[in-house]
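Undergrad: Provided herewith: structure.txt, compact mmCIF, C-alpha atoms (C1' of nucleotides).
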# COMPACT_ATOMS: atom_id res chain seq x y z
CA MET A 1 14.04 -6.38 -26.30
CA ALA A 2 10.43 -5.57 -27.04
CA ASP A 3 11.34 -1.97 -27.70
CA ILE A 4 9.76 -1.71 -31.12
CA ASN A 5 6.49 -3.07 -29.86
CA VAL A 6 6.17 -0.82 -26.85
CA SER A 7 7.42 2.37 -28.40
CA THR A 8 5.19 2.24 -31.45
CA LEU A 9 2.21 1.36 -29.34
CA SER A 10 2.65 4.02 -26.74
CA ALA A 11 3.37 6.55 -29.45
CA ARG A 12 0.01 5.74 -30.94
CA LEU A 13 -1.64 5.84 -27.55
CA SER A 14 -0.33 9.18 -26.47
CA GLN A 15 -1.01 10.67 -29.86
CA ALA A 16 -4.60 9.45 -29.86
CA LYS A 17 -5.66 11.66 -27.00
CA ALA A 18 -3.04 14.35 -26.97
CA SER A 19 -4.90 15.61 -30.02
CA SER A 20 -7.92 16.55 -27.91
CA PRO A 21 -6.44 18.95 -25.42
CA GLU A 22 -9.56 19.42 -23.31
CA GLY A 23 -11.04 15.92 -23.29
CA PRO A 24 -10.54 13.28 -20.64
CA ALA A 25 -7.21 11.42 -20.74
CA TYR A 26 -8.79 8.01 -21.01
CA ASP A 27 -5.51 6.49 -22.13
CA LEU A 28 -3.67 7.50 -18.97
CA ILE A 29 -6.61 6.64 -16.74
CA GLU A 30 -6.94 3.15 -18.15
CA LEU A 31 -3.22 2.48 -18.36
CA LEU A 32 -2.77 3.37 -14.71
CA PHE A 33 -5.72 1.18 -13.81
CA PHE A 34 -4.32 -1.86 -15.59
CA ALA A 35 -0.72 -1.19 -14.52
CA TYR A 36 -1.73 -1.05 -10.88
CA ARG A 37 -3.95 -4.10 -11.22
CA ASP A 38 -1.05 -6.20 -12.44
CA PHE A 39 1.39 -4.62 -10.00
CA ILE A 40 -0.64 -5.75 -6.99
CA GLY A 41 -1.60 -8.98 -8.76
CA ASP A 42 1.99 -10.15 -8.39
CA ALA A 43 1.74 -10.08 -4.62
CA ASP A 44 -1.88 -11.21 -4.43
CA GLU A 45 -1.05 -14.58 -5.87
CA ILE A 46 1.61 -15.39 -3.26
CA LEU A 47 -0.46 -13.97 -0.43
CA SER A 48 -3.58 -15.95 -1.27
CA ARG A 49 -1.58 -19.16 -1.10
CA ILE A 50 -0.92 -18.57 2.59
CA GLY A 51 -4.39 -17.25 3.33
CA PHE A 52 -3.42 -13.60 3.48
CA GLY A 53 -4.84 -10.62 1.66
CA ARG A 54 -3.77 -7.14 0.72
CA ALA A 55 -4.43 -5.89 4.22
CA HIS A 56 -1.76 -8.24 5.56
CA HIS A 57 0.62 -7.15 2.84
CA ARG A 58 0.29 -3.48 3.68
CA VAL A 59 0.87 -4.06 7.38
CA LEU A 60 3.81 -6.39 6.78
CA HIS A 61 5.35 -3.96 4.32
CA PHE A 62 5.30 -0.99 6.67
CA VAL A 63 6.46 -2.97 9.68
CA HIS A 64 9.27 -4.33 7.56
CA ARG A 65 10.23 -0.88 6.40
CA HIS A 66 9.85 0.75 9.80
CA PRO A 67 11.04 -1.72 12.42
CA GLY A 68 9.92 -0.72 15.89
CA MET A 69 6.89 1.15 14.58
CA ARG A 70 4.16 1.87 17.09
CA VAL A 71 0.63 0.68 16.46
CA ALA A 72 -0.58 4.27 16.41
CA ASP A 73 1.93 5.15 13.68
CA LEU A 74 0.74 2.23 11.62
CA LEU A 75 -2.86 3.33 11.94
CA ASP A 76 -1.84 6.79 10.84
CA VAL A 77 -0.01 5.60 7.74
CA LEU A 78 -2.66 3.12 6.67
CA LYS A 79 -5.53 5.46 7.51
CA ILE A 80 -7.65 2.69 9.01
CA THR A 81 -9.15 2.17 12.46
CA LYS A 82 -7.51 0.10 15.15
CA GLN A 83 -10.44 -2.32 15.02
CA SER A 84 -9.69 -3.00 11.37
CA LEU A 85 -6.00 -3.36 12.05
CA GLY A 86 -6.67 -5.62 15.02
CA ARG A 87 -7.76 -8.68 13.12
CA VAL A 88 -5.07 -8.45 10.47
CA LEU A 89 -2.27 -7.76 12.93
CA ARG A 90 -3.35 -10.62 15.17
CA GLU A 91 -3.21 -13.03 12.24
CA LEU A 92 0.26 -11.82 11.31
CA ILE A 93 1.40 -12.27 14.92
CA ASP A 94 -0.31 -15.64 15.42
CA ASN A 95 1.32 -16.96 12.28
CA GLY A 96 4.75 -15.78 13.33
CA TYR A 97 5.37 -13.02 10.79
CA VAL A 98 5.37 -10.12 13.22
CA VAL A 99 6.22 -9.72 16.91
CA GLN A 100 5.39 -7.05 19.44
CA ARG A 101 7.78 -5.81 22.10
CA ALA A 102 7.07 -3.29 24.81
CA GLY A 103 8.69 0.09 24.25
CA PRO A 104 11.89 0.56 26.28
CA ALA A 105 11.01 4.04 27.48
CA ASP A 106 7.22 3.81 27.43
CA ARG A 107 6.04 0.31 28.26
CA ARG A 108 2.51 0.98 27.10
CA GLN A 109 3.75 0.95 23.54
CA ARG A 110 3.79 -2.30 21.57
CA LEU A 111 6.57 -1.78 19.05
CA LEU A 112 6.23 -3.89 15.96
CA TYR A 113 8.97 -5.94 14.32
CA THR A 114 9.05 -8.54 11.59
CA THR A 115 10.39 -11.98 12.45
CA ALA A 116 12.86 -13.72 10.17
CA LYS A 117 9.84 -15.41 8.59
CA GLY A 118 8.14 -12.07 8.11
CA GLU A 119 11.30 -10.54 6.73
CA THR A 120 11.55 -13.32 4.17
CA LEU A 121 7.97 -12.89 3.01
CA ALA A 122 8.19 -9.10 2.86
CA LEU A 123 11.35 -9.31 0.83
CA GLU A 124 9.90 -11.93 -1.50
CA LEU A 125 6.91 -9.73 -2.23
CA ALA A 126 9.00 -6.59 -2.68
CA LEU A 127 11.42 -8.29 -5.03
CA LEU A 128 8.58 -9.64 -7.13
CA GLN A 129 7.24 -6.13 -7.60
CA THR A 130 10.75 -4.78 -8.12
CA ARG A 131 11.22 -7.21 -10.97
CA ARG A 132 8.13 -5.81 -12.67
CA PHE A 133 9.50 -2.29 -12.35
CA ALA A 134 12.91 -3.41 -13.61
CA ARG A 135 11.43 -5.05 -16.66
CA ALA A 136 9.21 -2.10 -17.45
CA LEU A 137 11.98 0.46 -17.02
CA ASN A 138 14.32 -1.63 -19.08
CA GLU A 139 11.80 -1.46 -21.91
CA CYS A 140 11.69 2.31 -21.56
CA GLY A 141 15.42 2.96 -21.79
CA GLU A 142 17.88 5.39 -20.19
CA GLY A 143 16.69 7.69 -17.46
CA ALA A 144 13.29 6.11 -17.25
CA ARG A 145 13.71 5.36 -13.57
CA ALA A 146 14.20 8.96 -12.54
CA GLU A 147 11.37 10.00 -14.88
CA ALA A 148 9.03 7.44 -13.34
CA CYS A 149 9.87 8.62 -9.82
CA ARG A 150 9.23 12.21 -10.80
CA PHE A 151 5.94 11.35 -12.44
CA LEU A 152 4.65 9.15 -9.61
CA PHE A 153 5.63 11.67 -6.97
CA ALA A 154 3.91 14.43 -8.92
CA MET A 155 0.74 12.34 -8.96
CA ILE A 156 0.58 12.38 -5.17
CA GLU A 157 -1.72 14.89 -3.54
CA PRO A 158 0.51 17.93 -2.86
CA SER A 159 -0.62 18.18 0.75
CA ALA A 160 0.46 14.57 1.32
CA ARG A 161 3.86 14.85 -0.33
CA ALA A 162 5.83 16.06 2.67
CA GLU A 163 4.49 13.20 4.73
CA VAL A 164 5.29 10.61 2.09
CA GLU A 165 8.75 12.05 1.64
CA ALA A 166 9.40 11.98 5.39
CA LEU A 167 8.10 8.45 5.67
CA MET A 168 10.40 7.19 2.94
CA ALA A 169 13.42 9.08 4.25
CA ARG A 170 12.87 7.67 7.73
CA ALA A 171 12.63 4.15 6.36
CA ASP A 172 15.87 4.46 4.42
CA GLN A 173 17.60 5.79 7.49
CA ARG A 174 16.44 2.94 9.70
CA THR A 175 17.30 0.32 7.16
CA LYS A 176 20.79 1.74 6.86
CA GLY A 177 21.24 1.90 10.62
CA ARG A 178 20.17 -1.68 11.22
CA PRO A 179 22.00 -4.02 8.80
CA ARG A 180 20.28 -7.04 10.28
CA MET B 1 6.10 25.90 -10.90
CA ALA B 2 7.18 23.55 -8.15
CA ASP B 3 9.93 22.26 -10.37
CA ILE B 4 12.75 22.82 -7.95
CA ASN B 5 10.94 20.97 -5.23
CA VAL B 6 9.98 17.96 -7.30
CA SER B 7 13.16 17.55 -9.25
CA THR B 8 15.46 17.71 -6.26
CA LEU B 9 13.27 15.35 -4.34
CA SER B 10 12.93 12.75 -7.03
CA ALA B 11 16.64 13.01 -7.74
CA ARG B 12 17.30 12.12 -4.14
CA LEU B 13 14.74 9.37 -4.24
CA SER B 14 15.97 7.67 -7.32
CA GLN B 15 19.54 8.00 -6.22
CA ALA B 16 18.81 6.48 -2.84
CA LYS B 17 17.94 3.08 -4.24
CA ALA B 18 19.58 3.11 -7.61
CA SER B 19 22.76 2.71 -5.60
CA SER B 20 21.72 -0.78 -4.49
CA PRO B 21 21.27 -2.55 -7.82
CA GLU B 22 19.92 -5.80 -6.40
CA GLY B 23 17.75 -4.62 -3.53
CA PRO B 24 14.02 -3.99 -3.61
CA ALA B 25 12.89 -0.75 -5.24
CA TYR B 26 11.00 0.49 -2.21
CA ASP B 27 10.89 4.00 -3.60
CA LEU B 28 9.00 2.99 -6.72
CA ILE B 29 6.77 0.57 -4.83
CA GLU B 30 5.72 3.18 -2.31
CA LEU B 31 5.40 6.00 -4.82
CA LEU B 32 3.08 3.92 -6.98
CA PHE B 33 1.07 2.98 -3.90
CA PHE B 34 0.56 6.59 -2.83
CA ALA B 35 0.05 7.88 -6.37
CA TYR B 36 -2.70 5.36 -7.01
CA ARG B 37 -4.28 6.00 -3.62
CA ASP B 38 -4.67 9.69 -4.40
CA PHE B 39 -5.66 9.02 -8.01
CA ILE B 40 -8.70 6.99 -6.96
CA GLY B 41 -9.28 9.25 -3.98
CA ASP B 42 -10.37 11.99 -6.37
CA ALA B 43 -13.28 9.94 -7.61
CA ASP B 44 -14.08 8.31 -4.29
CA GLU B 45 -15.07 11.58 -2.75
CA ILE B 46 -17.65 12.42 -5.41
CA LEU B 47 -18.96 8.87 -5.52
CA SER B 48 -19.49 8.57 -1.79
CA ARG B 49 -21.64 11.68 -1.84
CA ILE B 50 -24.19 9.90 -4.03
CA GLY B 51 -23.88 6.59 -2.21
CA PHE B 52 -21.78 4.87 -4.82
CA GLY B 53 -18.46 3.08 -4.48
CA ARG B 54 -15.58 2.09 -6.69
CA ALA B 55 -17.53 -0.81 -8.08
CA HIS B 56 -20.09 1.59 -9.53
CA HIS B 57 -17.32 3.75 -10.95
CA ARG B 58 -15.69 0.88 -12.78
CA VAL B 59 -18.96 -0.26 -14.31
CA LEU B 60 -20.00 3.25 -15.28
CA HIS B 61 -16.58 3.95 -16.80
CA PHE B 62 -16.57 0.93 -19.07
CA VAL B 63 -20.19 1.32 -20.13
CA HIS B 64 -19.45 4.95 -20.91
CA ARG B 65 -16.38 4.03 -22.93
CA HIS B 66 -18.05 1.10 -24.67
CA PRO B 67 -21.66 1.99 -25.37
CA GLY B 68 -23.71 -1.08 -26.25
CA MET B 69 -21.46 -3.37 -24.25
CA ARG B 70 -22.91 -6.75 -23.38
CA VAL B 71 -23.11 -7.87 -19.77
CA ALA B 72 -20.80 -10.77 -20.57
CA ASP B 73 -18.17 -8.40 -21.96
CA LEU B 74 -18.34 -6.30 -18.83
CA LEU B 75 -17.81 -9.34 -16.64
CA ASP B 76 -14.82 -10.27 -18.74
CA VAL B 77 -13.18 -6.85 -18.46
CA LEU B 78 -13.85 -6.40 -14.76
CA LYS B 79 -12.98 -10.00 -13.95
CA ILE B 80 -15.81 -10.36 -11.47
CA THR B 81 -18.78 -12.71 -11.30
CA LYS B 82 -22.22 -11.84 -12.57
CA GLN B 83 -23.55 -12.11 -9.01
CA SER B 84 -21.18 -9.36 -7.94
CA LEU B 85 -22.04 -7.24 -10.92
CA GLY B 86 -25.75 -7.76 -10.37
CA ARG B 87 -26.25 -5.53 -7.38
CA VAL B 88 -24.03 -2.73 -8.63
CA LEU B 89 -25.56 -2.70 -12.09
CA ARG B 90 -29.09 -2.74 -10.67
CA GLU B 91 -28.29 0.29 -8.52
CA LEU B 92 -26.88 2.14 -11.51
CA ILE B 93 -29.98 1.31 -13.53
CA ASP B 94 -32.44 2.08 -10.71
CA ASN B 95 -30.83 5.46 -10.18
CA GLY B 96 -30.98 6.30 -13.87
CA TYR B 97 -27.28 6.27 -14.77
CA VAL B 98 -27.40 3.25 -17.08
CA VAL B 99 -30.02 1.68 -19.30
CA GLN B 100 -30.36 -1.74 -20.85
CA ARG B 101 -31.69 -2.38 -24.33
CA ALA B 102 -32.24 -5.75 -25.96
CA GLY B 103 -29.74 -6.55 -28.68
CA PRO B 104 -31.11 -5.95 -32.19
CA ALA B 105 -29.87 -9.24 -33.61
CA ASP B 106 -29.87 -11.36 -30.45
CA ARG B 107 -32.67 -10.37 -28.13
CA ARG B 108 -31.21 -12.34 -25.21
CA GLN B 109 -28.52 -9.72 -24.91
CA ARG B 110 -28.99 -6.71 -22.65
CA LEU B 111 -26.82 -4.07 -24.21
CA LEU B 112 -25.68 -1.40 -21.79
CA TYR B 113 -25.74 2.34 -22.38
CA THR B 114 -25.21 5.36 -20.17
CA THR B 115 -28.04 7.87 -19.86
CA ALA B 116 -27.35 11.59 -20.11
CA LYS B 117 -27.12 11.58 -16.32
CA GLY B 118 -24.63 8.72 -16.42
CA GLU B 119 -22.67 10.44 -19.15
CA THR B 120 -22.36 13.55 -17.05
CA LEU B 121 -21.14 11.66 -13.99
CA ALA B 122 -18.66 9.55 -15.97
CA LEU B 123 -17.26 12.65 -17.58
CA GLU B 124 -17.03 14.52 -14.31
CA LEU B 125 -15.04 11.68 -12.74
CA ALA B 126 -12.77 11.28 -15.76
CA LEU B 127 -12.04 15.00 -15.95
CA LEU B 128 -11.17 15.11 -12.27
CA GLN B 129 -8.59 12.37 -12.77
CA THR B 130 -7.41 13.98 -15.98
CA ARG B 131 -6.70 17.16 -14.09
CA ARG B 132 -4.44 15.26 -11.72
CA PHE B 133 -2.53 13.80 -14.66
CA ALA B 134 -2.29 17.20 -16.29
CA ARG B 135 -0.90 18.83 -13.19
CA ALA B 136 1.60 16.02 -12.61
CA LEU B 137 2.79 15.98 -16.21
CA ASN B 138 3.09 19.73 -16.24
CA GLU B 139 5.47 19.47 -13.29
CA CYS B 140 7.51 16.91 -15.19
CA GLY B 141 8.03 18.94 -18.35
CA GLU B 142 8.25 18.23 -22.09
CA GLY B 143 7.53 14.74 -23.32
CA ALA B 144 6.46 13.47 -19.95
CA ARG B 145 3.10 12.36 -21.29
CA ALA B 146 4.53 9.96 -23.84
CA GLU B 147 7.05 8.75 -21.27
CA ALA B 148 4.30 8.07 -18.74
CA CYS B 149 2.27 6.13 -21.28
CA ARG B 150 5.29 4.05 -22.20
CA PHE B 151 6.08 3.33 -18.58
CA LEU B 152 2.53 2.48 -17.54
CA PHE B 153 1.99 0.25 -20.54
CA ALA B 154 5.28 -1.53 -19.83
CA MET B 155 4.08 -2.21 -16.28
CA ILE B 156 1.13 -4.21 -17.61
CA GLU B 157 1.46 -7.97 -17.65
CA PRO B 158 2.76 -8.78 -21.15
CA SER B 159 0.11 -11.43 -21.73
CA ALA B 160 -2.58 -8.84 -21.02
CA ARG B 161 -1.19 -6.09 -23.20
CA ALA B 162 -2.84 -7.10 -26.45
CA GLU B 163 -6.22 -7.23 -24.76
CA VAL B 164 -5.77 -3.83 -23.13
CA GLU B 165 -4.60 -2.36 -26.40
CA ALA B 166 -7.57 -3.78 -28.27
CA LEU B 167 -9.98 -2.56 -25.60
CA MET B 168 -8.67 0.97 -25.78
CA ALA B 169 -8.57 1.06 -29.54
CA ARG B 170 -12.15 -0.17 -29.73
CA ALA B 171 -13.28 2.52 -27.33
CA ASP B 172 -11.57 5.29 -29.27
CA GLN B 173 -13.17 4.07 -32.46
CA ARG B 174 -16.66 4.04 -30.98
CA THR B 175 -16.21 7.42 -29.40
CA LYS B 176 -15.08 8.87 -32.72
CA GLY B 177 -18.02 7.32 -34.54
CA ARG B 178 -20.55 8.71 -32.08
CA PRO B 179 -19.89 12.40 -31.52
CA ARG B 180 -22.95 12.64 -29.27
C1' DA C 1 -39.71 -29.80 -34.12
C1' DG C 2 -37.11 -30.73 -30.36
C1' DA C 3 -32.72 -30.70 -27.78
C1' DA C 4 -28.90 -28.18 -26.37
C1' DA C 5 -26.37 -24.21 -25.71
C1' DT C 6 -26.26 -19.31 -24.60
C1' DA C 7 -27.23 -14.75 -22.19
C1' DC C 8 -28.85 -13.14 -18.39
C1' DG C 9 -31.06 -12.82 -13.73
C1' DT C 10 -31.60 -14.21 -8.99
C1' DC C 11 -31.58 -16.63 -4.42
C1' DA C 12 -28.74 -18.17 -0.62
C1' DA C 13 -24.74 -18.61 1.97
C1' DT C 14 -19.99 -17.12 2.90
C1' DA C 15 -15.50 -14.34 3.18
C1' DT C 16 -12.83 -10.17 3.50
C1' DG C 17 -11.86 -5.77 4.88
C1' DG C 18 -13.48 -1.83 6.09
C1' DC C 19 -16.52 1.06 9.65
C1' DT C 20 -18.66 3.04 14.49
C1' DG C 21 -19.46 2.89 19.36
C1' DA C 22 -18.48 1.36 23.83
C1' DC C 23 -15.65 -0.26 27.21
C1' DA C 24 -11.27 -2.28 29.59
C1' DT C 25 -6.47 -2.13 31.05
C1' DA C 26 -2.03 -0.73 31.86
C1' DA C 27 1.26 2.80 32.12
C1' DA C 28 2.72 7.52 32.14
C1' DC C 29 2.12 12.25 33.55
C1' DG C 30 0.97 16.16 36.30
C1' DC D 1 -4.25 10.36 42.99
C1' DG D 2 -6.67 11.64 38.97
C1' DT D 3 -6.25 12.24 33.98
C1' DT D 4 -4.52 11.25 29.70
C1' DT D 5 -2.39 8.05 26.51
C1' DA D 6 -1.50 3.57 24.00
C1' DT D 7 -3.51 -0.32 23.09
C1' DG D 8 -6.88 -4.14 22.91
C1' DT D 9 -11.45 -6.08 22.40
C1' DC D 10 -16.52 -6.97 22.02
C1' DA D 11 -20.58 -6.33 19.22
C1' DG D 12 -22.73 -5.05 15.22
C1' DC D 13 -23.04 -3.00 10.49
C1' DC D 14 -21.78 -2.13 5.49
C1' DA D 15 -19.69 -2.88 0.82
C1' DT D 16 -17.80 -5.86 -2.26
C1' DA D 17 -16.50 -9.93 -3.61
C1' DT D 18 -17.02 -15.18 -3.85
C1' DT D 19 -19.41 -20.14 -5.12
C1' DG D 20 -23.31 -22.98 -6.19
C1' DA D 21 -27.88 -23.75 -7.73
C1' DC D 22 -31.72 -22.72 -10.32
C1' DG D 23 -34.97 -20.15 -13.63
C1' DT D 24 -36.15 -18.18 -18.11
C1' DA D 25 -35.95 -16.44 -22.56
C1' DT D 26 -33.86 -17.04 -26.90
C1' DT D 27 -30.89 -18.79 -30.33
C1' DT D 28 -28.63 -22.59 -32.60
C1' DC D 29 -27.91 -27.15 -33.88
C1' DT D 30 -29.36 -31.72 -35.44
Now that the file is in, can you turn its structure into structure tokens?

TA:
Amino acid sequence: MADINVSTLSARLSQAKASSPEGPAYDLIELLFFAYRDFIGDADEILSRIGFGRAHHRVLHFVHRHPGMRVADLLDVLKITKQSLGRVLRELIDNGYVVQRAGPADRRQRLLYTTAKGETLALELALLQTRRFARALNECGEGARAEACRFLFAMIEPSARAEVEALMARADQRTKGRPR
Amino acid sequence: MADINVSTLSARLSQAKASSPEGPAYDLIELLFFAYRDFIGDADEILSRIGFGRAHHRVLHFVHRHPGMRVADLLDVLKITKQSLGRVLRELIDNGYVVQRAGPADRRQRLLYTTAKGETLALELALLQTRRFARALNECGEGARAEACRFLFAMIEPSARAEVEALMARADQRTKGRPR
DNA sequence: AGAAATACGTCAATATGGCTGACATAAACG
DNA sequence: CGTTTATGTCAGCCATATTGACGTATTTCT
């Protein structure tokens, strides 16, 4: 375990700027920047090999997590326009990662589902990122997972928290209900 | 304090997926996604008002943190090409946020410095993001700052850690030496 | 001194992922 | 039957990134 390394370093880091109570927290700002860069870098590498980008990843992820999602819901979550989504979604469909089915009650709706191929890719990407979290949390010790969840949730814009919470709860529910 | 809210929520969150030891950590993945989205959203709003984007922010941030940085160093940190940097840097210079000065020893070098105007903007952006960290950490309680630093640093690709560490240490040193 | 390497700038073409506006179609709703 | 809703699509624009080629000043090496 690289515990000695990480703990001494981060001790130094947090001490460096905690001493100036009013100044900018450059340490946190830069650490989050680099952490996120490497976090998405994991997926980027796999995606670029099949000619996809981050836009495809985001769409695939949410369709995977919310099977039967409507296009309008997807637009709402991603906060992009339907024109932007159009291209990306078409590529995912044309390449057999996602399928559309008409809504049972309202046939105007095109409900989105991942194919087996899409499921595989989504899971591969998620597990890659999960491994990064697992390694990091393992380096941090007991209780780090709950702490990290608390911290990350607290970083979210308060007005957006309820929505995020609902989104995640809904996904868990659906995943439980459909043990594909 | 919104402690009750946050702690119960994150308890539920972390419990939801900690129960499946092998499955993807969708909670962490999505929380990091939304946390980062809102983190950069703070700066985006200010930047868009003066016609700048994230590219300008990144350049301004590193020049601000590393006064006298060479163009080559900047390319190395940002991991972009000089053609990409060109436009952004020119706009920053043309609008009086950054200046170039020939290197004293090697006059081929164009060392980069922020102007007073650039300093002000960089600080404004950093303080906005710092406030988000401060609020989040306050909701998390004692010791959360050190924990967050540990966690974020552990999320960084191990092979990149030394470089990040060196970069941050260098910046702190310069900032200390130049109490402008 | 002259050649080569370095630091930087720039022109041109291309890709990706966003955007707005306008318009089309099918289905549901009142 | 007319209106609203859910979705798709065409056309054009912007920001940010890419690669490749070339130019120019300056330093370094032989």

Undergrad: Given the point (-18.6, -15.2, -4.9) in the coordinates of this file, which residues lie within 10 Å, counting all atoms listed in the file, and how would they look as a list in words?

TA: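 Selection result: Ile80, Thr81, Lys82, Gln83 and Ser84 of chain B; DA13, DT14 and DA15 of chain C; DT16, DA17, DT18, DT19 and DG20 of chain D.
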
Undergrad: Would you pick out the contacts of segment 21-27 of chain D at 9 Å or less, using only C-alpha atoms (C1' of nucleotides), so that residues sharing its chain but fewer than 4 positions from it are not included, and give the list as a list in words?

TA: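 Once the nearby chain positions are removed, what remains is Asp106, Arg107 and Arg108 of chain B; DA5, DT6, DA7, DC8, DG9, DT10 and DC11 of chain C.
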
Undergrad: Within 7 Å of chain B, which residues of chain A show up when using only C-alpha atoms, listed as an NGL selection string?

TA: :A and (6-7 or 10-11 or 14 or 24-25 or 28 or 31-32 or 34-35 or 38 or 126-127 or 130 or 132-133 or 136-137 or 139-140 or 146 or 149-157)

Undergrad: What does the distance between atom CA of Glu91 of chain B and atom CA of His56 of chain B come to in Å, to one decimal place?

TA: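 That distance, rounded to one decimal, is 8.4 Å.
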
Undergrad: Could you please determine the separation between atom C1' of DA6 of chain D and atom CA of Val63 of chain A in Å, to one decimal place?

TA: 17.6 Å

Undergrad: One number please: atom CA of Leu89 of chain A to atom CA of Asp73 of chain A, in Å, one decimal.

TA: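 Computing the Euclidean distance for atom CA of Leu89 of chain A and atom CA of Asp73 of chain A yields 13.6 Å.
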
Undergrad: Pull out every residue of chain C that has at least one atom within 7 Å of chain A, counting only C-alpha atoms (C1' of nucleotides), and report them as a PyMOL selection string.

TA: chain C and resi 18+26-27

Undergrad: Output as CSV one row per residue of chain D within 10 Å of chain A: the closest atom pair and its distance in Å to one decimal place, counting only C-alpha atoms (C1' of nucleotides), sorted by chain and residue number ascending.

TA:
residue,atom,partner,partner_atom,distance
D:DT5,C1',A:Arg108,CA,8.6
D:DA6,C1',A:Arg108,CA,5.7
D:DT7,C1',A:Arg108,CA,7.3
D:DG8,C1',A:Gly86,CA,8.0
D:DT9,C1',A:Gln83,CA,8.3

Undergrad: Put the listed atoms of segment 78-82 of chain B in a box along x, y and z with 5 Å added on every side and give me the centre and edge lengths in Å to one decimal, as JSON.

TA:
{"center_x": -17.6, "center_y": -9.6, "center_z": -13.0, "size_x": 19.2, "size_y": 16.3, "size_z": 13.5}
